[in-house]
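Presented below is the structure to which this report refers.
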Protein chains: 2
Amino acid sequence: MDKTDKTGGVPVPTVADVAAAAGVSTATVSRCLNSPGVVSEKTLKKVLEAVDRLGYAPNFSARALASNRTNMIGAIIPTMENAIFARGLQAFQEELQKNGRTLLVASSSYRSDLEEEQIRALTARGADALLLIGYHRDSRLYEFLEKRRIPYVVAWAYDPAKPHLSVGFNNRAAMRQLADEVIGKGHRKLACISADTAENDRARERVNGIRDAMEAAGLDPASLDIIETSYAIDAGDAAFRALVGAKTPPTAVICGNDVLAVGALRAALALGMNVPEDVSITGFDNIELAGLAPVPLTTVHVPHRRMGQFAAQALLAALGGTPPPHSTELPAELCLRATLARAPAG
Amino acid sequence: MDKTDKTGGVPVPTVADVAAAAGVSTATVSRCLNSPGVVSEKTLKKVLEAVDRLGYAPNFSARALASNRTNMIGAIIPTMENAIFARGLQAFQEELQKNGRTLLVASSSYRSDLEEEQIRALTARGADALLLIGYHRDSRLYEFLEKRRIPYVVAWAYDPAKPHLSVGFNNRAAMRQLADEVIGKGHRKLACISADTAENDRARERVNGIRDAMEAAGLDPASLDIIETSYAIDAGDAAFRALVGAKTPPTAVICGNDVLAVGALRAALALGMNVPEDVSITGFDNIELAGLAPVPLTTVHVPHRRMGQFAAQALLAALGGTPPPHSTELPAELCLRATLARAPAG
DNA sequence: TTGTAAGCGTTATCAC
DNA sequence: GTGATAACGCTTACAA
């Protein structure tokens with residue numbers, strides 16, 4: 001009953017072969033592999049021996065078709081180029097691997113239209129569950145996932161008001177904390193370099209956090225200069241130059257992530273400015289780069305690995321029938337280094 | 001014929017539903033989707049309309065089972081935490097996504113036993129083709145892939161003597177070029193911080209490149225101090241401290257990658273040494289960190305995105321029946337920055 | 001150009 | 001505890 005695959009490959013054994021070799025039915029073989037507890041000691045041994053001898057490995061497509069689960073879990077992330085996502089994804093994958101699941105990856109390039117496409121693509125591919133980044137997406141998509149009973153977890157964000165299972169931190173509160181610190185150093189004229197806030201709720205919430213801090217300190221939130229740009233070092237560089245070229249340049253530039261901040265820092269140094277004496281710069285994420293920049297970056301530490309790991313565990317629980325954990329807020333902590341100092345006098 | 005999925009989800013339409021709705025057979029529906037050229041204009045229209053109306057999406061498990069291909073391509077990489085692999089993988093994934101394929105990811109943590117496990121796991125999961133990093137692996141694995149007729153491409157390395165389809169650069173020659181440069185600056189006492197060379201052929205070849213350069217310059221390759229360690233900043237830091245603590249400390253420390261080099265640089269600065277006046281340090285990879293380090297790093301630029309992209313194209317060609325491209329060597333170029341200078345006198 | 005029907009390799013439902 | 005056998009949803013000869 002061996003089958004040569006159509007490309008002319010080597011014959012690959014099937015359950016039928018194992019059944020024949022062990023002198024049992026295919027049903028029994030299947031049982032031995034899936035619920036060993038329910039077969040007799042000796043048939044189990046006989047079958048496993050045959051499995052071993054033939055080098056049998058179940059065909060996953062067939063198994064998926066028959067059991068209606070693929071044991072694959074999808075992740076749709078903006079990009080793997082950002083070290084934060086890459087590491088979170090790595091942790092996520094390790095946890096899945098440990099539990100016999102395989103990771104399916106797609107990227108949205110920070111675009112919600114592409115994200116939607118990928119969500120549909122991965123579910124069509126049979127992903128049993130999904131990891132999503134951030135809350136912002138059309139409600140149709142959430143409905144789609146609910147209807148299809150596909151468990152998902154939103155990571156990189158945490159908002160108790162949202163109905164979705166999620167793991168992350170409060171982007172707004174974290175940034176607020178950092179902005180409080182900045183304002184506490186006497187800075188009154190603030191600027192911000194952010195990613196596009198329209199489609200990126202993490203970016204939006206971070207900007208809101210800055211405004212919260214300004215308001216609380218009696219500053220006019222409307223006075224915050226914002227430049228929205230892509231997440232790239234060169235973009236941060238260019239945005240910084242634009243900001244300091246203004247009539248009343250900021251004394252502190254708060255960046256939406258470390259990549260932008262490093263770009264801003266590079267621009268500042270290139271312009272001959274001293275950091276933090278002439279201008280303070282802050283980042284967000286605490287990627288490795290942050291601690292190793294020419295002037296070590298003040299930033300917010302994000303628990304990327306723990307988010308990835310927790311997300312995996314949550315989905316595995318949901319799939320296993322165990323009640324999945326509640327949404328969980330992980331701490332994002334201030335990471336004070338050298339790029340933030342008191343505002344220059346005057 | 002709608003089917004409610006077993007978890008109580010919403011009914012999901014099948015070919016039979018579409019066939020019924022369009023008043024054709026299931027075979028015709030399948031043809032409309034897979035080889036639209038072979039059906040009549042009007043049936044095509046009728047069927048697609050039905051597909052659309054019902055929101056039909058083919059079940060991939062069933063399709064995979066019937067057609068013996070999953071349209072999934074696997075990648076087994078040491079880790080996504082290394083920016084170089086993350087970016088190469090991102091490029092690889094983008095190219096696959098563009099061609100309707102999905103990426104399956106597994107990581108080996110730089111361990112060949114785990115890599116073998118993952119290769120078997122991903123092929124068992126039905127990966128149509130595989131991306132592998134480096135040549136070093138048991139020949140049984142290569143035989144396994146050949147026997148199963150599973151196309152694979154070796155990336156991050158290029159050796160014309162090897163029989164495998166590959167895309168990458170000559171690690172040995174690239175490092176030799178860098179070492180030539182180092183020796184050309186008058187350095188005679190060299191040291192090297194490398195990843196484990198036993199299971200990592202890229203690391204091994206890089207060390208060999210250093211030895212080649214030494215030999216060519218009349219230096220004794222055996223005089224090269226080597227510390228093998230893991231790829232981490234702290235590891236580079238510790239290794240550097242060990243090296244400069246020796247009776248005859250090196251004037252140049254050549255590191256196996258940028259992460260190690262940045263760690264070494266950090267240690268040097270922490271020890272109060274001037275770089276490159278007191279000691280030269282070089283890296284490999286040219287990750288973003290390299291150009292932004294406290295002292296910009298002299299390193300070797302690796303074409304990560306192009307490797308990922310090429311690898312994807314090669315596998316797609318192999319799967320499509322098109323003759324896959326030949327193994328291709330991409331240039332890895334010297335990237336001279338500030339951490340390399342003439343050896344201190346004496 | 002279209003339809004019929006036989007797989008694809010499992011799992012799962014029944015009887016026994 | 002085990003064995004027949006019917007799904008699972010699609011692709012693909014082969015016929016018409």
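Lettering and numbering for the structure tokens are positional, with chains as A, B, ... in the shown order, residues counted from 1 in each chain, and ligands counted from 1 in the shown order.
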### Task
Could you find all residues in stretch 130-291 of chain A that DSSP calls helix (DSSP H, G or I) from the backbone, and write them as an MDAnalysis selection string?
chainID A and resid 139:147 171:184 201:216 221:223 233:244 258:270 288:291
### Task
Do me a favour and pick out the residues of chain B within 7 Å of chain C, using only C-alpha atoms (C1' of nucleotides), as a PyMOL selection string.
chain B and resi 25+28+39-40+65-66
### strand (DSSP E) residues, from DSSP on the backbone, in stretch 97-308 of chain A, as a PyMOL selection string
chain A and resi 102-107+129-133+152-155+166-168+190-194+225-228+252-255+280-282+299-301
Kindly provide, as an mmCIF file with C-alpha atoms (C1' of nucleotides), in the first residue's frame, the residues of chain D having any atom no farther than 12 Å from an atom of chain A, counting only C-alpha atoms (C1' of nucleotides).
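Saved the output as result.cif:
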data_model
loop_
_atom_site.group_PDB
_atom_site.id
_atom_site.type_symbol
_atom_site.label_atom_id
_atom_site.label_comp_id
_atom_site.auth_asym_id
_atom_site.auth_seq_id
_atom_site.Cartn_x
_atom_site.Cartn_y
_atom_site.Cartn_z
ATOM 1 C "C1'" DG D 1 -10.212 -3.293 23.535
ATOM 2 C "C1'" DT D 2 -10.743 -3.719 18.637
ATOM 3 C "C1'" DG D 3 -12.317 -3.615 13.737
ATOM 4 C "C1'" DA D 4 -15.260 -1.963 9.755
ATOM 5 C "C1'" DT D 5 -16.384 1.867 7.563
ATOM 6 C "C1'" DA D 6 -18.107 6.364 6.794
ATOM 7 C "C1'" DA D 7 -16.792 10.873 6.725
ATOM 8 C "C1'" DC D 8 -13.398 15.035 5.969
ATOM 9 C "C1'" DG D 9 -13.338 18.555 1.304
ATOM 10 C "C1'" DC D 10 -10.787 18.668 -2.415
#
### Task
Determine the nearest neighbour of A:Ala312 from the options A:Leu269, A:Cys32, A:Val153, A:Val10, counting only C-alpha atoms.
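Closest to A:Ala312, using only C-alpha atoms: A:Val153.
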### Query
Taking only C-alpha atoms into account, which residues of chain B are within 6 Å of chain A, as a PyMOL selection string?
chain B and resi 9-10+60-62+64-65+80-81+86-87+90+103-105+125+147-149+289+292-294
### Contacts of stretch 282-287 of chain B at 6 Å (only C-alpha atoms (C1' of nucleotides); same-chain gap of 6+ positions) as a PyMOL selection string
chain B and resi 254-258+261+298-302
Output of the above residues as a CSV table (one decimal), in the first residue's frame, restricted to C-alpha atoms:
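Wrote it out as result-v3.csv, contents follow:
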chain,number,residue,atom,x,y,z
B,254,ILE,CA,38.2,40.1,15.4
B,255,CYS,CA,34.7,39.1,16.3
B,256,GLY,CA,32.5,36.5,14.7
B,257,ASN,CA,29.6,38.9,14.5
B,258,ASP,CA,28.5,42.4,15.4
B,261,ALA,CA,31.9,43.0,18.7
B,298,THR,CA,34.3,48.2,11.2
B,299,THR,CA,32.6,45.1,10.0
B,300,VAL,CA,31.5,43.1,6.9
B,301,HIS,CA,28.2,43.9,5.3
B,302,VAL,CA,26.0,40.9,4.7
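Of note, atom CA of A:Gly218 and atom CA of A:Glu181 are spaced 14.5 Å apart.
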Extract, using only C-alpha atoms (C1' of nucleotides), all DNA, RNA and protein residues at most 10 Å from A:Val51, discarding same-chain residues fewer than 3 positions from it, and format them as a short mmCIF file (atom, residue, chain, number, x, y, z; two decimals) with N, CA and C atoms, in the first residue's frame.
data_model
loop_
_atom_site.label_atom_id
_atom_site.label_comp_id
_atom_site.auth_asym_id
_atom_site.auth_seq_id
_atom_site.Cartn_x
_atom_site.Cartn_y
_atom_site.Cartn_z
N PRO A 13 5.27 5.48 4.13
CA PRO A 13 4.31 4.56 4.74
C PRO A 13 3.07 5.28 5.27
N THR A 14 1.96 4.58 5.26
CA THR A 14 0.71 5.15 5.77
C THR A 14 0.22 4.31 6.94
N VAL A 15 -0.86 4.73 7.55
CA VAL A 15 -1.44 3.95 8.65
C VAL A 15 -1.71 2.52 8.21
N ASP A 17 -0.13 0.69 6.15
CA ASP A 17 1.09 -0.11 6.18
C ASP A 17 1.42 -0.53 7.60
N VAL A 18 1.29 0.43 8.50
CA VAL A 18 1.58 0.14 9.90
C VAL A 18 0.61 -0.92 10.42
N ALA A 19 -0.66 -0.71 10.08
CA ALA A 19 -1.69 -1.65 10.54
C ALA A 19 -1.36 -3.07 10.06
N ALA A 21 1.53 -4.26 9.09
CA ALA A 21 2.77 -4.74 9.72
C ALA A 21 2.52 -5.20 11.15
N ALA A 22 1.61 -4.52 11.83
CA ALA A 22 1.38 -4.86 13.24
C ALA A 22 0.24 -5.87 13.39
N VAL A 29 -4.23 1.62 15.05
CA VAL A 29 -3.00 2.39 14.89
C VAL A 29 -3.25 3.84 15.28
N LEU A 33 -1.60 6.13 18.49
CA LEU A 33 -0.88 7.39 18.33
C LEU A 33 -1.56 8.56 19.04
N LYS A 45 2.53 -1.72 22.18
CA LYS A 45 3.93 -2.03 21.94
C LYS A 45 4.14 -2.50 20.50
N LYS A 46 3.28 -3.42 20.10
CA LYS A 46 3.36 -3.99 18.76
C LYS A 46 3.29 -2.89 17.70
N VAL A 47 2.33 -2.01 17.89
CA VAL A 47 2.11 -0.95 16.91
C VAL A 47 3.28 0.04 16.89
N LEU A 48 3.70 0.45 18.07
CA LEU A 48 4.79 1.43 18.12
C LEU A 48 6.05 0.85 17.48
N LEU A 54 8.96 1.03 10.34
CA LEU A 54 8.65 1.56 9.01
C LEU A 54 9.02 3.04 8.87
N GLY A 55 9.33 3.65 10.00
CA GLY A 55 9.61 5.08 9.94
C GLY A 55 8.36 5.87 9.59
N TYR A 56 7.26 5.40 10.13
CA TYR A 56 5.99 6.06 9.83
C TYR A 56 5.85 7.42 10.51
N ALA A 57 5.36 8.36 9.76
CA ALA A 57 5.00 9.65 10.34
C ALA A 57 3.65 10.03 9.76
N PRO A 58 2.72 10.41 10.59
CA PRO A 58 1.38 10.72 10.10
C PRO A 58 1.40 11.84 9.08
#
